[in-house]
Structure formats: structure tokens, C-alpha cells
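This report refers to the structure that appears directly beneath it.
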Amino acid sequence: MGAELKLGKIIEKDVPLAEHCSYKIGGLARFFAQPSSLQELEKIIDYCQKTGLKLFIFGLGSNILFPDRPDGETLFVSLKKMVGWEKKNNNLFLEAGFPLSYLAYTGHPDFVFTHLLPGTLGASVYINARCYEGEMSKILGMVYYLDLKNLKAGIQELEPKACNFAYKESIFQQKPWVILGAEIKAEDIRHNWWRDELEKAKKINLAALDNFFQYFGRGLFSRVKIGVEEKEKLQQIAADREKKKQFCYPSCGSVFRNNYEYGVPTGILVEQLGLKGLTRGGAKISPYHGNFIINFDRASSTDVKYLIQLVQDKVNNKFGFIPGPEVVIVNGQES
Ligand SMILES: Cc1cc2nc3c(=O)[nH]c(=O)nc-3n(C[C@H](O)[C@H](O)[C@H](O)COP(=O)(O)OP(=O)(O)OC[C@H]3O[C@@H](n4cnc5c(N)ncnc54)[C@H](O)[C@@H]3O)c2cc1C
């Protein structure tokens, strides 16, 4: 394509994607951007449309396996710096890059499940993130997005019931839409501390899981005042995630979706097959959680993909279905 970039500081060159995801895997992105406002994002989108560059939008990179050799014709755009919020329709509007886990410290019982859930608001809507009896679809008001195929329509909105939310699914996975933000149903929550905390967080790479845990686990827990009952709930979640050693190694969280028709979580099937601890290069099926493949020693994307394929084959042979990936696998030049 060879187009010269004219967006100056907005677009960076040769950025290691490994530094922008929780897996610490991913080669150099020829083009990379982190807009901090809607205006910057619109310029980037416009630029891509004019030059023919493909656009890959993401958040904190906690659910992505980036390629070892990214496609040089793609502009990788993280929205993690778009972290604004405002009151809207008696709800609270959060921009796409807002770190979801802040909600856990607001004192609202419906948001407790977001504790130590890595990632941004936008991606959590996209995947309908869920855990500990909570789910994004249950706390959302209107969702706002741009249709890349119809930019003239401007910012569009969608009610939750039109978002086709299901287990780890939403309409946003089927459409060329960029989620700009969403309302959460929160009339009265404690969030006067967000501004200071977001300033602190700017200096930390939260994509790295050890940093993430340090900041959202220990750091916020000691700094933000919450009730005794709420503290206990957060501690229970932290203990469960720590027991599964979720923050000890780079990973993408659960690699596979569960097959609810079959009725046994994929992690348990992996365990029954005796695959826990199996390694390939620097990647390993976690000994602590059958649905995690960890990067224990400079794993490549190819290492992880090998283990994904192996689990899919073995599960299919024994249990008769192929577990679909939950992780978003981005193809590169090696694939
Ligand atoms: C240790 C660990 C534990 C985890 N535990 C859980 C859990 O308990 N429950 C759970 O549901 N998930 C879990 N996850 C997965 C992850 O936390 C969620 O999927 C989260 O929503 C990802 O947010 P992100 O910003 O990092 O998304 P990214 O990884 O950056 O992106 C994920 C996908 O969303 C798309 N996307 C991102 N932003 C936008 C946008 N604004 N508009 C359109 N598309 C977008 C991307 O293109 C990509 O396809 C875990 C991950 C880790 C590493």
C-alpha cells in the first residue's frame, strides 16, 4: 500500500503489540494509535478509509491473541485512553476505554462482578463479559457506536434489548461497528475518586496482569473507602481469582467458550483429558485452570495456537464437539 501517514503524532510506527495485551504476545504493529478523544478516533477512521488501511479496534488487549508478525496493512487502534464519563438519561455514560473494574469500588452491588475483570467498558459490551453472577447486559442502558460502513449516520444508539446479548455474544461481533461508549444503570454511586485514580493509572501499563492486579486489587482496595460487606465480596472474588493464579502469568483469561448444551465447563473437560500442564514452546495449559493457556516463557502466538488446536481436537475426539474460542485470534502474516 505504501501510503505515507500524515496524522503526525496520532499514529505511531513499529509498536510491539506484546506491550498492549495481557498475553505479552504479538510482534511489531507497523501502524498503531491510541486516540484520547472521539475527534482523534474519527480522524483515524477517516484516514483508514481514504488510504485503504484496515482498522483493528481494541481496548486493553485482555481477550486477544495478537500475531507474531502483524499484517503491515492494518492500523491497530486501542481505545484505552478514551476514558471519559458523564450523566446521560439518568444513567452514567462511560467512554469505551473506561477500565471496567473501577465499577466494583462504587458501592453498587450490581457492579461487584467487575472486580479484577481486566479490560475496558467497550470490549466488555462487545463480548458481554460475565462472571460471579454478573453480566454486562444486565447493567447497561443505551450503547453508542459508529457504523464503519455508514459513517454519515454519525453516532448511533442501541437499547440493550436490541444488542442480541447471549452467552459471550452481542450484535457487535457481527457488525462493522465501533462501540464508543455505553450507559450503565447507576443513579447514585460513589465515583468522585475516579478522576484522581485515572491520573494515577495513566502512568501504569494496566495491560500487564501483574500491574493490573497490583493496581485494582491491592492499590484501590487500600485507597477507596467501601463498606465492610462490599469489602468482603471483593475479597472473595480476589481470593477465587488468585487461587486460579490468574495474575501470575500472562494470559488472555479463558481461551474457550463453554458449551452449555454439553453441560460441563471446557476447563473441566481439559482436566479430564489430562491436558493440564502440557506445554508447547513457551505456552502451557495452566496447571491451575484447564481453560487458561499461559505464556510462561516468551511464548509465540504460534505456540498458543498449537495448544488451542490440540485441545479442540482432543475434546472433539472424546466428547464430540469442538470448543469455540473465546479469545479473539488476530491473524497475521504467519497464518
Ligand atoms: C486474567 C483474566 C481473567 C479474565 N476473566 C474474565 C471473566 O471472568 N469473565 C469474562 O467475561 N472475561 C474475562 N476475561 C476476558 C476479558 O477480561 C474480557 O473479555 C474483557 O471484556 C476484555 O476487555 P479488553 O478491553 O481487554 O478487550 P480487548 O481484548 O482489547 O478486545 C476484545 C475484543 O473486543 C473488541 N473490541 C474492543 N473494544 C471495542 C470497541 N470499542 N468496539 C468494538 N469492538 C471492540 C476487539 O476488537 C476484540 O475483538 C479475563 C481475562 C484475563 C486476562
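Ligands are numbered from 1 in the order shown, chains are lettered A, B, ... in the order of the C-alpha cells, and residues start at 1 in each chain.
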
Show me which residues are within 8 Å of ligand 1 counting only C-alpha atoms and all ligand atoms, and format the list as a VMD selection string.
chain A and resid 21 to 23 56 to 64 78 to 80 96 to 97 99 116 to 132 135 145 168 172 to 173 177 to 181 207 209 241 246 to 247 250 to 254 327 to 328

Near-stretch 28-43 of chain A list (6 Å; only C-alpha atoms; drop same-chain fewer than 2 positions) as JSON, numbers by chain:
{"A": [10, 11, 12, 13, 14, 15, 16, 17, 45, 46, 70, 72, 75, 76, 77, 78, 79, 81, 82]}

Would you export the selected residues with N, CA, C and O atoms as a PDB file, in the first residue's frame, please?
ATOM      1  N   ILE A  10      -0.519  11.176  16.147  1.00  0.00           N
ATOM      2  CA  ILE A  10      -1.612  10.250  16.493  1.00  0.00           C
ATOM      3  C   ILE A  10      -1.255   8.818  16.111  1.00  0.00           C
ATOM      4  O   ILE A  10      -1.552   7.882  16.823  1.00  0.00           O
ATOM      5  N   ILE A  11      -0.592   8.680  14.966  1.00  0.00           N
ATOM      6  CA  ILE A  11      -0.251   7.320  14.535  1.00  0.00           C
ATOM      7  C   ILE A  11       1.227   7.052  14.795  1.00  0.00           C
ATOM      8  O   ILE A  11       2.102   7.779  14.345  1.00  0.00           O
ATOM      9  N   GLU A  12       1.466   5.978  15.560  1.00  0.00           N
ATOM     10  CA  GLU A  12       2.843   5.583  15.862  1.00  0.00           C
ATOM     11  C   GLU A  12       3.230   4.450  14.920  1.00  0.00           C
ATOM     12  O   GLU A  12       2.367   3.768  14.381  1.00  0.00           O
ATOM     13  N   LYS A  13       4.539   4.253  14.798  1.00  0.00           N
ATOM     14  CA  LYS A  13       5.002   3.184  13.913  1.00  0.00           C
ATOM     15  C   LYS A  13       5.797   2.143  14.687  1.00  0.00           C
ATOM     16  O   LYS A  13       6.477   2.464  15.667  1.00  0.00           O
ATOM     17  N   ASP A  14       5.720   0.905  14.215  1.00  0.00           N
ATOM     18  CA  ASP A  14       6.504  -0.213  14.759  1.00  0.00           C
ATOM     19  C   ASP A  14       6.377  -0.350  16.275  1.00  0.00           C
ATOM     20  O   ASP A  14       7.353  -0.283  17.011  1.00  0.00           O
ATOM     21  N   VAL A  15       5.158  -0.531  16.689  1.00  0.00           N
ATOM     22  CA  VAL A  15       4.853  -0.651  18.121  1.00  0.00           C
ATOM     23  C   VAL A  15       4.651  -2.132  18.475  1.00  0.00           C
ATOM     24  O   VAL A  15       3.881  -2.823  17.815  1.00  0.00           O
ATOM     25  N   PRO A  16       5.350  -2.622  19.511  1.00  0.00           N
ATOM     26  CA  PRO A  16       5.192  -4.035  19.883  1.00  0.00           C
ATOM     27  C   PRO A  16       3.807  -4.288  20.494  1.00  0.00           C
ATOM     28  O   PRO A  16       3.499  -3.759  21.567  1.00  0.00           O
ATOM     29  N   LEU A  17       3.024  -5.097  19.821  1.00  0.00           N
ATOM     30  CA  LEU A  17       1.671  -5.377  20.335  1.00  0.00           C
ATOM     31  C   LEU A  17       1.740  -6.132  21.660  1.00  0.00           C
ATOM     32  O   LEU A  17       0.810  -6.069  22.464  1.00  0.00           O
ATOM     33  N   ILE A  45     -10.202   6.980  11.652  1.00  0.00           N
ATOM     34  CA  ILE A  45     -11.111   6.188  10.814  1.00  0.00           C
ATOM     35  C   ILE A  45     -11.148   6.770   9.402  1.00  0.00           C
ATOM     36  O   ILE A  45     -11.052   6.056   8.405  1.00  0.00           O
ATOM     37  N   ASP A  46     -11.241   8.073   9.344  1.00  0.00           N
ATOM     38  CA  ASP A  46     -11.284   8.761   8.056  1.00  0.00           C
ATOM     39  C   ASP A  46     -10.014   8.466   7.261  1.00  0.00           C
ATOM     40  O   ASP A  46     -10.053   8.164   6.067  1.00  0.00           O
ATOM     41  N   PRO A  70       2.425  -9.151  12.686  1.00  0.00           N
ATOM     42  CA  PRO A  70       1.167  -8.488  12.307  1.00  0.00           C
ATOM     43  C   PRO A  70       1.158  -8.042  10.844  1.00  0.00           C
ATOM     44  O   PRO A  70       2.207  -7.719  10.275  1.00  0.00           O
ATOM     45  N   GLY A  72       1.006  -5.802   7.891  1.00  0.00           N
ATOM     46  CA  GLY A  72       1.503  -4.426   7.747  1.00  0.00           C
ATOM     47  C   GLY A  72       0.490  -3.453   7.174  1.00  0.00           C
ATOM     48  O   GLY A  72       0.735  -2.255   7.105  1.00  0.00           O
ATOM     49  N   LEU A  75      -4.048  -0.929  10.756  1.00  0.00           N
ATOM     50  CA  LEU A  75      -3.786   0.058  11.807  1.00  0.00           C
ATOM     51  C   LEU A  75      -4.455  -0.452  13.078  1.00  0.00           C
ATOM     52  O   LEU A  75      -5.678  -0.653  13.121  1.00  0.00           O
ATOM     53  N   PHE A  76      -3.647  -0.740  14.088  1.00  0.00           N
ATOM     54  CA  PHE A  76      -4.158  -1.251  15.360  1.00  0.00           C
ATOM     55  C   PHE A  76      -4.486  -0.060  16.263  1.00  0.00           C
ATOM     56  O   PHE A  76      -3.621   0.777  16.518  1.00  0.00           O
ATOM     57  N   VAL A  77      -5.729  -0.001  16.712  1.00  0.00           N
ATOM     58  CA  VAL A  77      -6.176   1.173  17.476  1.00  0.00           C
ATOM     59  C   VAL A  77      -6.741   0.750  18.824  1.00  0.00           C
ATOM     60  O   VAL A  77      -7.784   0.098  18.902  1.00  0.00           O
ATOM     61  N   SER A  78      -6.036   1.122  19.876  1.00  0.00           N
ATOM     62  CA  SER A  78      -6.557   0.849  21.221  1.00  0.00           C
ATOM     63  C   SER A  78      -7.325   2.079  21.712  1.00  0.00           C
ATOM     64  O   SER A  78      -6.821   3.199  21.647  1.00  0.00           O
ATOM     65  N   LEU A  79      -8.521   1.827  22.247  1.00  0.00           N
ATOM     66  CA  LEU A  79      -9.337   2.946  22.765  1.00  0.00           C
ATOM     67  C   LEU A  79      -9.121   3.160  24.262  1.00  0.00           C
ATOM     68  O   LEU A  79      -9.894   3.858  24.904  1.00  0.00           O
ATOM     69  N   LYS A  81      -7.418   4.958  25.992  1.00  0.00           N
ATOM     70  CA  LYS A  81      -7.254   6.333  26.518  1.00  0.00           C
ATOM     71  C   LYS A  81      -8.540   7.143  26.427  1.00  0.00           C
ATOM     72  O   LYS A  81      -8.573   8.294  26.848  1.00  0.00           O
ATOM     73  N   MET A  82      -9.584   6.547  25.891  1.00  0.00           N
ATOM     74  CA  MET A  82     -10.886   7.252  25.847  1.00  0.00           C
ATOM     75  C   MET A  82     -11.669   6.867  27.096  1.00  0.00           C
ATOM     76  O   MET A  82     -12.412   5.880  27.099  1.00  0.00           O
TER      77      MET A  82
END

From a backbone DSSP assignment, name each residue in stretch 102-334 of chain A labelled strand (DSSP E), as a PyMOL selection string.
chain A and resi 130-131+134-135+140-147+156-158+177-184+279-280+283-285+293-295+328-329

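With distances restricted to only C-alpha atoms, A:Leu151 is the closest residue to A:Gln49 from A:Val311, A:Ile293, A:Leu275, A:Leu151.
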
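Between atom CA of A:Ile237 and atom CA of A:Arg223 there is a distance of 18.1 Å.
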
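Residue nearest A:Lys175, chosen from A:Ile189, A:Leu100, A:Ala18, A:Leu148 and counting only C-alpha atoms: A:Leu148.
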
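The smallest atom-to-atom distance between A:Ile294 and any of A:Tyr249, A:Thr279, A:Ala239, A:Asn192, using only C-alpha atoms, is found for A:Tyr249.
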
From the list A:Ile139, A:Val255, A:Leu55, A:Ile171, the nearest residue to A:His108 using only C-alpha atoms is A:Ile139
